[in-house]
There are 2 protein chains.
Amino acid sequence: MAQDNKKQVEQITDMDVDFTQWYTDVCKKAELIDYSSIKGMFIYRPYGYAIWENIQRILDDEFKKTGHENVYLPMLIPESLLQKEKDHVEGFAPECAWVTMGGMDKLEERYCIRPTSETLFCEHYANIIHSHRDLPKLYNQWTSVLRWEKTSRPFLRHREFLWQEGHTMHATAEEAIAETEQMFNIYADFYKDVLAIPVVKGRKTDKEKFSGAEATYTVECMMHDRKALQGGTSHYFGDGFAKAFNITFTGKDNQLHNPYQTSWGVSTRMIAGIIMVHGDNNGLVLPPRVAPTQVIVIPVAQHKEGVIEANTAVMERLKAAGLRVKMDDSDQSPGWKFAEYEMKGVPIRLELGPKDMEKNQCVLVRRDTGEKIFASLDGIEDTVKKLLDDIHDGLYAKALKNLEENTYPCASLEEVKEKMQARGGFAKTMWCGELACELRMKEEAGVSSRCIPLEQEHLSDTCAICGKPAKHMVYWGVAY
Amino acid sequence: MAQDNKKQVEQITDMDVDFTQWYTDVCKKAELIDYSSIKGMFIYRPYGYAIWENIQRILDDEFKKTGHENVYLPMLIPESLLQKEKDHVEGFAPECAWVTMGGMDKLEERYCIRPTSETLFCEHYANIIHSHRDLPKLYNQWTSVLRWEKTSRPFLRHREFLWQEGHTMHATAEEAIAETEQMFNIYADFYKDVLAIPVVKGRKTDKEKFSGAEATYTVECMMHDRKALQGGTSHYFGDGFAKAFNITFTGKDNQLHNPYQTSWGVSTRMIAGIIMVHGDNNGLVLPPRVAPTQVIVIPVAQHKEGVIEANTAVMERLKAAGLRVKMDDSDQSPGWKFAEYEMKGVPIRLELGPKDMEKNQCVLVRRDTGEKIFASLDGIEDTVKKLLDDIHDGLYAKALKNLEENTYPCASLEEVKEKMQARGGFAKTMWCGELACELRMKEEAGVSSRCIPLEQEHLSDTCAICGKPAKHMVYWGVAY
């Protein structure tokens, strides 16, 4: 075995000692990502990108089932176009990258690389929407966007990151609000059913909502270190952009109207969530439904007669059953292989050696619990599928426990501050709805409002910050 | 029927009167593409993008079957990185768009938006290739690139266009050359088997090859107007970039070596090829294997009892058989619907009315020939699949006839000039291999060398331009 090719588990930082360093170690050592020579611009390596491809395939199917179509719009936005909606430009202009030269020529107007594409979609919609028959328009695009951030971390904060952005136009506010909620629910279900991550569903406060939106819905996740990650957002715009961009249609009443708009997106931050919710001190732990490899087959005593053939046969059977399976029959040691695929978070390790062959069985080892299971080769396809579902359920239950155990009511700002310092998590309090109280909470307790949960609880009659009558219950936390 | 929603076939220009205008009309009226406010930056509309998605899915499967992995690298290249390989920077720097501002700050070094990503892949490969065990690296990415062109046309020449770019590294020159040829053959087969477009396979002359490559292989297609379209290229780089970027690996001999490199790509120009090879005066004619809708079901006398139900049933049967099928039961007139789906190039129109129901049949109309076929509903799935294959074969045969009938040998520059003016197409001549003759052909006959075909013919002993001993037979033509 070549020394340069050896990986050692002990090289990962202990997650309870330094969670930040543990996270970076996993991103690098599981070969998910690499740095480029531009600060904050990352390389999505094959293993990281394959997770994204699985996410894309499943979400894209959901989008298409609900009537959405994919498009691709230009990556550059003229400055004058970005400026058409006042709140929007204020939110994004400070973090745009600007193209000022095309070929050898200085451009007459500078163009920004899209930080998000509302303005581009509006310009296009103004050209193609004329009649109520043209509505709704349900477009989505898979692409990258660029935001010139000062600080960066793999998957969490990139200057350029991959995402999808849906942009839709509707004849009525009711329809647009229903769309906003539908997509938000698709995200929430995807987190639960595919990524095995529980979410808190809610609305953002005015302070935290998207630049130019009337309402922003969010799914909020809790990481292993009890910090929050905003998992995806769905925005309702009313007809504000439509008015700014002069998008009109002739209604059934033969009058001109402005359509109502939504946008919604999730990004490769999802991968940060996967790592930080499920990972452990041996590395990545991947939820089975997006794992690039669901089962790694490792032949035991592979130089003995018939072992490779028996392992190949079981691999082919599992592949034929629609599973993503690989075999490692390299000359690396078993110990190396075990550590390697644990680091990469492969949900199931399947070991098969001469003794197993005699007994018509194999050994299945769960990545999440380490449990070893002796399984008959008869019906191994169903056994493995069932086990993958069990792993999914186990991961979800564990993450839900973390979320529930670390979400707690607080009666005062002081209590939020104390408990947040002691244990992190989500503090829930009543809130009067005033920005001043939200800012005070940020300044004194160091937390931001995560959301106004859809499922409201009545904790008390008064705002935990100012004591005035409360309007909502809010979740607070420290966010990535 | 609303007037604003009506489409009329007579709005398309006759292709034999003005092929350029016909092409633009089809792109717009089949709703493939739209213009944005930046010159040369286009919007891929749902129908155009859906063709690209089908192309992607099929090619991506081929890439993965041959061991390639997808990655995503940043869209920006620091100027100093682009300059590391001399020929490459000379080829691309004049058409780069440059980012000079990030947020509110002027950048210390300007970055170009990738016109192609060789330099980025080389930088990454230098970081991750150390041992012969790390080779080969077989990476691909699906993305857009940007080239600041002066002129533009839909699908043919965009400032930003969608493509895939494969970038691979190998331990030996032989392996890299085999990879270059393998990918070139995958492209050629894809054109034939999926797009129903025949190609000429060959090598580019030194003048026409990719900036920095040792050899460029190309597939050249002939459009309906007998002009040439370069369909895709596969490049062999030797170890030139590896040396420039200091990429080394320790071989089995324990010595340091430079790896050998390839890159290969196809783009949304393929869609231009589809339009210009197969289209006719009624609009688009899509090859069935990439058509977003393969069968459009049109109920006849749809308000009569049971008609919609019968049409829905046949649609569902075809869908269940894996076909892409839609039904149009809108209240548009039959004439409108026929023209609409002809314009959009849907390969088969399926009509089913009360009389057909009595006879347990439907009517199938071929888009390519207009032929009407009465088909029993028993086994309709197989009938339609067979017909789609027949349409594919028919389109291919027709395109091959155009290619063969318009490819002809010429003995002199003068003959090339005359025949090219009279009929276009591909002129084939012998060539000495000198740049001077190639330039003279360009200047005097207005044609560029398309390729040195792999299948060489011996037309004579001497160069058709200078009369000196000939080295190769070359195809010449006027290219898009």
# chains A, B, ... in the order shown; residues from 1 in each chain; ligands from 1

call {"tool": "select_by_dssp", "arguments": {"residues": "stretch 162-385 of chain B", "states": "alpha helix (DSSP H)", "output": "MDAnalysis selection string"}}
result
chainID B and resid 173:193 240:244 269:278 307:320 334:343 354:359 380:385

call {"tool": "interface_residues", "arguments": {"of": "chain A", "to": "chain B", "cutoff": "9 Å", "atoms": "only C-alpha atoms", "output": "number ranges by chain"}}
result
A: 2, 4-5, 34-38, 41-50, 53, 69-78, 81, 93-104, 112-113, 120, 123-124, 130-131, 133-134, 139, 143-144, 147-149, 160-162

call {"tool": "closest_residue", "arguments": {"among": "B:Pro453, B:Gly232, B:Pro299, B:Gly394", "to": "B:Val314", "atoms": "only C-alpha atoms"}}
result
B:Pro299

call {"tool": "residues_around", "arguments": {"residues": "stretch 442-447 of chain A", "least_positions_apart": "5", "cutoff": "9 Å", "atoms": "only C-alpha atoms", "output": "ChimeraX atom specification"}}
result
/A:413-414,416-418,420-421,437,476-479

call {"tool": "residues_around", "arguments": {"residues": "A:Lys227", "least_positions_apart": "6", "cutoff": "12 Å", "atoms": "only C-alpha atoms", "output": "list in words"}}
result
Phe19, Thr20, Glu220, Cys221, Gly273, Met276, Val277, Asn402, Leu403, Asn406, Thr407, Met420, Gln421, Arg423, Gly424, Gly425, Phe426, Ala427, Val447, Ser448, Arg450, Trp476, Gly477, Val478, Ala479 and Tyr480 of chain A

call {"tool": "write_last_selection", "arguments": {"atoms": "N, CA, C and O atoms", "output": "CSV table (one decimal), in the first residue's frame"}}
result
chain,number,residue,atom,x,y,z
A,19,PHE,N,-16.0,21.9,16.6
A,19,PHE,CA,-17.0,21.5,15.6
A,19,PHE,C,-16.6,22.2,14.2
A,19,PHE,O,-16.8,21.5,13.1
A,20,THR,N,-16.1,23.4,14.2
A,20,THR,CA,-15.8,24.1,13.0
A,20,THR,C,-14.7,23.4,12.2
A,20,THR,O,-14.8,23.2,11.0
A,220,GLU,N,-36.4,25.9,8.7
A,220,GLU,CA,-35.2,26.1,9.6
A,220,GLU,C,-34.8,24.8,10.2
A,220,GLU,O,-35.6,24.0,10.7
A,221,CYS,N,-33.5,24.5,10.1
A,221,CYS,CA,-33.0,23.2,10.6
A,221,CYS,C,-32.0,23.5,11.8
A,221,CYS,O,-31.4,24.5,11.9
A,273,GLY,N,-26.0,21.1,5.6
A,273,GLY,CA,-27.0,20.6,6.5
A,273,GLY,C,-26.9,19.1,6.7
A,273,GLY,O,-26.9,18.6,7.9
A,276,MET,N,-23.7,18.5,8.8
A,276,MET,CA,-23.7,19.0,10.2
A,276,MET,C,-24.9,18.4,11.0
A,276,MET,O,-24.9,18.4,12.3
A,277,VAL,N,-25.9,17.8,10.4
A,277,VAL,CA,-27.0,17.1,11.1
A,277,VAL,C,-26.6,15.7,11.4
A,277,VAL,O,-26.8,15.2,12.5
A,402,ASN,N,-32.6,15.7,18.7
A,402,ASN,CA,-31.8,16.9,18.9
A,402,ASN,C,-32.5,18.2,18.8
A,402,ASN,O,-32.4,19.1,19.7
A,403,LEU,N,-33.4,18.3,17.8
A,403,LEU,CA,-34.2,19.5,17.7
A,403,LEU,C,-35.2,19.7,18.8
A,403,LEU,O,-35.2,20.8,19.4
A,406,ASN,N,-33.6,20.6,22.2
A,406,ASN,CA,-32.9,21.8,22.3
A,406,ASN,C,-33.7,23.0,21.9
A,406,ASN,O,-33.2,24.0,21.5
A,407,THR,N,-35.0,22.8,21.9
A,407,THR,CA,-36.0,23.9,21.7
A,407,THR,C,-36.8,24.2,23.0
A,407,THR,O,-37.3,23.2,23.5
A,420,MET,N,-29.0,30.4,25.9
A,420,MET,CA,-28.4,30.3,24.6
A,420,MET,C,-26.9,30.1,24.8
A,420,MET,O,-26.2,29.3,24.1
A,421,GLN,N,-26.3,30.9,25.8
A,421,GLN,CA,-24.9,30.7,26.0
A,421,GLN,C,-24.6,29.3,26.6
A,421,GLN,O,-23.6,28.7,26.3
A,423,ARG,N,-26.4,26.4,26.2
A,423,ARG,CA,-26.8,25.2,25.4
A,423,ARG,C,-27.1,25.5,23.9
A,423,ARG,O,-27.3,24.5,23.2
A,424,GLY,N,-27.2,26.7,23.5
A,424,GLY,CA,-27.5,27.0,22.1
A,424,GLY,C,-29.0,26.6,21.8
A,424,GLY,O,-29.8,26.7,22.7
A,425,GLY,N,-29.2,26.1,20.6
A,425,GLY,CA,-30.5,25.6,20.2
A,425,GLY,C,-31.5,26.7,19.9
A,425,GLY,O,-31.0,27.8,19.5
A,426,PHE,N,-32.8,26.4,19.9
A,426,PHE,CA,-33.8,27.4,19.6
A,426,PHE,C,-34.5,27.9,20.8
A,426,PHE,O,-35.1,27.0,21.5
A,427,ALA,N,-34.5,29.2,21.1
A,427,ALA,CA,-35.3,29.7,22.2
A,427,ALA,C,-36.6,30.2,21.6
A,427,ALA,O,-36.6,30.9,20.6
A,447,VAL,N,-28.7,36.6,19.2
A,447,VAL,CA,-29.4,35.7,18.4
A,447,VAL,C,-30.3,36.4,17.4
A,447,VAL,O,-30.6,37.6,17.6
A,448,SER,N,-30.6,35.8,16.3
A,448,SER,CA,-31.5,36.4,15.3
A,448,SER,C,-32.8,35.6,15.3
A,448,SER,O,-32.8,34.5,15.7
A,450,ARG,N,-35.3,33.3,13.9
A,450,ARG,CA,-35.2,32.3,12.8
A,450,ARG,C,-36.5,32.3,12.0
A,450,ARG,O,-36.5,32.2,10.8
A,476,TRP,N,-35.8,31.9,18.2
A,476,TRP,CA,-34.5,32.6,18.1
A,476,TRP,C,-33.3,31.6,18.1
A,476,TRP,O,-33.4,30.6,18.7
A,477,GLY,N,-32.3,32.0,17.4
A,477,GLY,CA,-31.1,31.1,17.5
A,477,GLY,C,-29.9,31.8,16.9
A,477,GLY,O,-29.9,32.9,16.3
A,478,VAL,N,-28.8,31.1,17.0
A,478,VAL,CA,-27.5,31.5,16.3
A,478,VAL,C,-27.4,30.8,15.0
A,478,VAL,O,-27.5,29.6,15.0
A,479,ALA,N,-27.4,31.5,13.9
A,479,ALA,CA,-27.4,30.9,12.6
A,479,ALA,C,-26.1,30.8,11.9
A,479,ALA,O,-25.2,31.7,12.1
A,480,TYR,N,-26.0,29.8,11.0
A,480,TYR,CA,-24.8,29.8,10.1
A,480,TYR,C,-25.1,30.7,9.0
A,480,TYR,O,-26.3,31.0,8.6

call {"tool": "closest_residue", "arguments": {"among": "B:Ile247, B:Val89, B:Leu195, B:Leu439", "to": "B:Leu59", "atoms": "only C-alpha atoms"}}
result
B:Leu195

call {"tool": "decode", "arguments": {"residues": "stretch 446-478 of chain A", "atoms": "N, CA, C and O atoms", "output": "mmCIF file, in the first residue's frame"}}
result
data_model
loop_
_atom_site.group_PDB
_atom_site.id
_atom_site.type_symbol
_atom_site.label_atom_id
_atom_site.label_comp_id
_atom_site.auth_asym_id
_atom_site.auth_seq_id
_atom_site.Cartn_x
_atom_site.Cartn_y
_atom_site.Cartn_z
ATOM 1 N N GLY A 446 -27.384 38.015 21.227
ATOM 2 C CA GLY A 446 -26.588 37.468 20.124
ATOM 3 C C GLY A 446 -27.333 36.500 19.226
ATOM 4 O O GLY A 446 -26.719 35.671 18.554
ATOM 5 N N VAL A 447 -28.659 36.595 19.220
ATOM 6 C CA VAL A 447 -29.445 35.668 18.387
ATOM 7 C C VAL A 447 -30.273 36.446 17.357
ATOM 8 O O VAL A 447 -30.633 37.598 17.577
ATOM 9 N N SER A 448 -30.568 35.779 16.252
ATOM 10 C CA SER A 448 -31.473 36.368 15.264
ATOM 11 C C SER A 448 -32.787 35.603 15.293
ATOM 12 O O SER A 448 -32.847 34.461 15.740
ATOM 13 N N SER A 449 -33.840 36.268 14.814
ATOM 14 C CA SER A 449 -35.121 35.556 14.723
ATOM 15 C C SER A 449 -35.003 34.549 13.597
ATOM 16 O O SER A 449 -34.602 34.898 12.490
ATOM 17 N N ARG A 450 -35.290 33.297 13.877
ATOM 18 C CA ARG A 450 -35.219 32.265 12.832
ATOM 19 C C ARG A 450 -36.508 32.252 12.038
ATOM 20 O O ARG A 450 -36.498 32.201 10.838
ATOM 21 N N CYS A 451 -37.628 32.253 12.736
ATOM 22 C CA CYS A 451 -38.913 32.343 12.041
ATOM 23 C C CYS A 451 -40.052 32.534 13.030
ATOM 24 O O CYS A 451 -39.875 32.376 14.248
ATOM 25 N N ILE A 452 -41.204 32.905 12.487
ATOM 26 C CA ILE A 452 -42.467 32.901 13.224
ATOM 27 C C ILE A 452 -43.137 31.590 12.821
ATOM 28 O O ILE A 452 -43.676 31.475 11.713
ATOM 29 N N PRO A 453 -43.036 30.550 13.663
ATOM 30 C CA PRO A 453 -43.505 29.222 13.228
ATOM 31 C C PRO A 453 -44.979 29.242 12.832
ATOM 32 O O PRO A 453 -45.786 29.983 13.413
ATOM 33 N N LEU A 454 -45.321 28.439 11.841
ATOM 34 C CA LEU A 454 -46.725 28.322 11.449
ATOM 35 C C LEU A 454 -47.537 27.756 12.607
ATOM 36 O O LEU A 454 -48.676 28.138 12.829
ATOM 37 N N GLU A 455 -46.925 26.804 13.323
ATOM 38 C CA GLU A 455 -47.614 26.260 14.498
ATOM 39 C C GLU A 455 -47.309 27.146 15.697
ATOM 40 O O GLU A 455 -46.288 26.990 16.360
ATOM 41 N N GLN A 456 -48.204 28.062 15.973
ATOM 42 C CA GLN A 456 -48.000 29.018 17.057
ATOM 43 C C GLN A 456 -48.406 28.403 18.398
ATOM 44 O O GLN A 456 -49.341 27.609 18.483
ATOM 45 N N GLU A 457 -47.648 28.780 19.445
ATOM 46 C CA GLU A 457 -48.042 28.411 20.810
ATOM 47 C C GLU A 457 -48.265 29.718 21.588
ATOM 48 O O GLU A 457 -47.571 30.706 21.333
ATOM 49 N N HIS A 458 -49.166 29.676 22.509
ATOM 50 C CA HIS A 458 -49.397 30.859 23.334
ATOM 51 C C HIS A 458 -48.626 30.697 24.637
ATOM 52 O O HIS A 458 -49.076 30.075 25.582
ATOM 53 N N LEU A 459 -47.411 31.277 24.681
ATOM 54 C CA LEU A 459 -46.563 31.114 25.866
ATOM 55 C C LEU A 459 -46.934 32.117 26.954
ATOM 56 O O LEU A 459 -46.804 31.835 28.135
ATOM 57 N N SER A 460 -47.327 33.319 26.514
ATOM 58 C CA SER A 460 -47.777 34.348 27.465
ATOM 59 C C SER A 460 -48.450 35.449 26.664
ATOM 60 O O SER A 460 -48.472 35.394 25.434
ATOM 61 N N ASP A 461 -48.921 36.462 27.362
ATOM 62 C CA ASP A 461 -49.612 37.551 26.668
ATOM 63 C C ASP A 461 -48.673 38.661 26.216
ATOM 64 O O ASP A 461 -49.050 39.521 25.430
ATOM 65 N N THR A 462 -47.424 38.629 26.719
ATOM 66 C CA THR A 462 -46.567 39.808 26.497
ATOM 67 C C THR A 462 -45.242 39.448 25.843
ATOM 68 O O THR A 462 -44.721 38.335 25.985
ATOM 69 N N CYS A 463 -44.716 40.445 25.156
ATOM 70 C CA CYS A 463 -43.418 40.334 24.485
ATOM 71 C C CYS A 463 -42.328 40.079 25.530
ATOM 72 O O CYS A 463 -42.254 40.792 26.541
ATOM 73 N N ALA A 464 -41.462 39.095 25.281
ATOM 74 C CA ALA A 464 -40.408 38.757 26.236
ATOM 75 C C ALA A 464 -39.355 39.846 26.337
ATOM 76 O O ALA A 464 -38.558 39.862 27.268
ATOM 77 N N ILE A 465 -39.341 40.780 25.385
ATOM 78 C CA ILE A 465 -38.304 41.805 25.375
ATOM 79 C C ILE A 465 -38.810 43.105 26.010
ATOM 80 O O ILE A 465 -38.178 43.639 26.907
ATOM 81 N N CYS A 466 -39.961 43.584 25.555
ATOM 82 C CA CYS A 466 -40.423 44.895 26.023
ATOM 83 C C CYS A 466 -41.626 44.831 26.966
ATOM 84 O O CYS A 466 -41.997 45.825 27.578
ATOM 85 N N GLY A 467 -42.264 43.675 27.031
ATOM 86 C CA GLY A 467 -43.390 43.553 27.938
ATOM 87 C C GLY A 467 -44.725 44.053 27.395
ATOM 88 O O GLY A 467 -45.754 43.922 28.047
ATOM 89 N N LYS A 468 -44.692 44.608 26.194
ATOM 90 C CA LYS A 468 -45.962 45.044 25.582
ATOM 91 C C LYS A 468 -46.746 43.834 25.080
ATOM 92 O O LYS A 468 -46.210 42.720 25.016
ATOM 93 N N PRO A 469 -47.985 44.037 24.659
ATOM 94 C CA PRO A 469 -48.780 42.894 24.188
ATOM 95 C C PRO A 469 -48.077 42.146 23.048
ATOM 96 O O PRO A 469 -47.511 42.759 22.134
ATOM 97 N N ALA A 470 -48.104 40.816 23.109
ATOM 98 C CA ALA A 470 -47.402 39.991 22.119
ATOM 99 C C ALA A 470 -48.295 39.716 20.918
ATOM 100 O O ALA A 470 -49.504 39.592 21.054
ATOM 101 N N LYS A 471 -47.647 39.640 19.756
ATOM 102 C CA LYS A 471 -48.380 39.290 18.533
ATOM 103 C C LYS A 471 -48.086 37.873 18.078
ATOM 104 O O LYS A 471 -48.932 37.201 17.511
ATOM 105 N N HIS A 472 -46.840 37.453 18.236
ATOM 106 C CA HIS A 472 -46.422 36.149 17.698
ATOM 107 C C HIS A 472 -45.507 35.443 18.684
ATOM 108 O O HIS A 472 -44.845 36.073 19.492
ATOM 109 N N MET A 473 -45.410 34.122 18.482
ATOM 110 C CA MET A 473 -44.307 33.395 19.092
ATOM 111 C C MET A 473 -43.205 33.271 18.032
ATOM 112 O O MET A 473 -43.473 32.947 16.879
ATOM 113 N N VAL A 474 -41.984 33.568 18.448
ATOM 114 C CA VAL A 474 -40.837 33.554 17.528
ATOM 115 C C VAL A 474 -39.794 32.545 18.012
ATOM 116 O O VAL A 474 -39.633 32.346 19.215
ATOM 117 N N TYR A 475 -39.086 31.902 17.056
ATOM 118 C CA TYR A 475 -37.909 31.088 17.381
ATOM 119 C C TYR A 475 -36.676 31.948 17.173
ATOM 120 O O TYR A 475 -36.550 32.633 16.145
ATOM 121 N N TRP A 476 -35.760 31.882 18.152
ATOM 122 C CA TRP A 476 -34.494 32.621 18.070
ATOM 123 C C TRP A 476 -33.339 31.624 18.087
ATOM 124 O O TRP A 476 -33.425 30.581 18.743
ATOM 125 N N GLY A 477 -32.258 31.983 17.416
ATOM 126 C CA GLY A 477 -31.085 31.113 17.476
ATOM 127 C C GLY A 477 -29.871 31.784 16.860
ATOM 128 O O GLY A 477 -29.947 32.883 16.314
ATOM 129 N N VAL A 478 -28.752 31.088 16.972
ATOM 130 C CA VAL A 478 -27.527 31.541 16.307
ATOM 131 C C VAL A 478 -27.435 30.784 14.992
ATOM 132 O O VAL A 478 -27.464 29.554 14.983
#
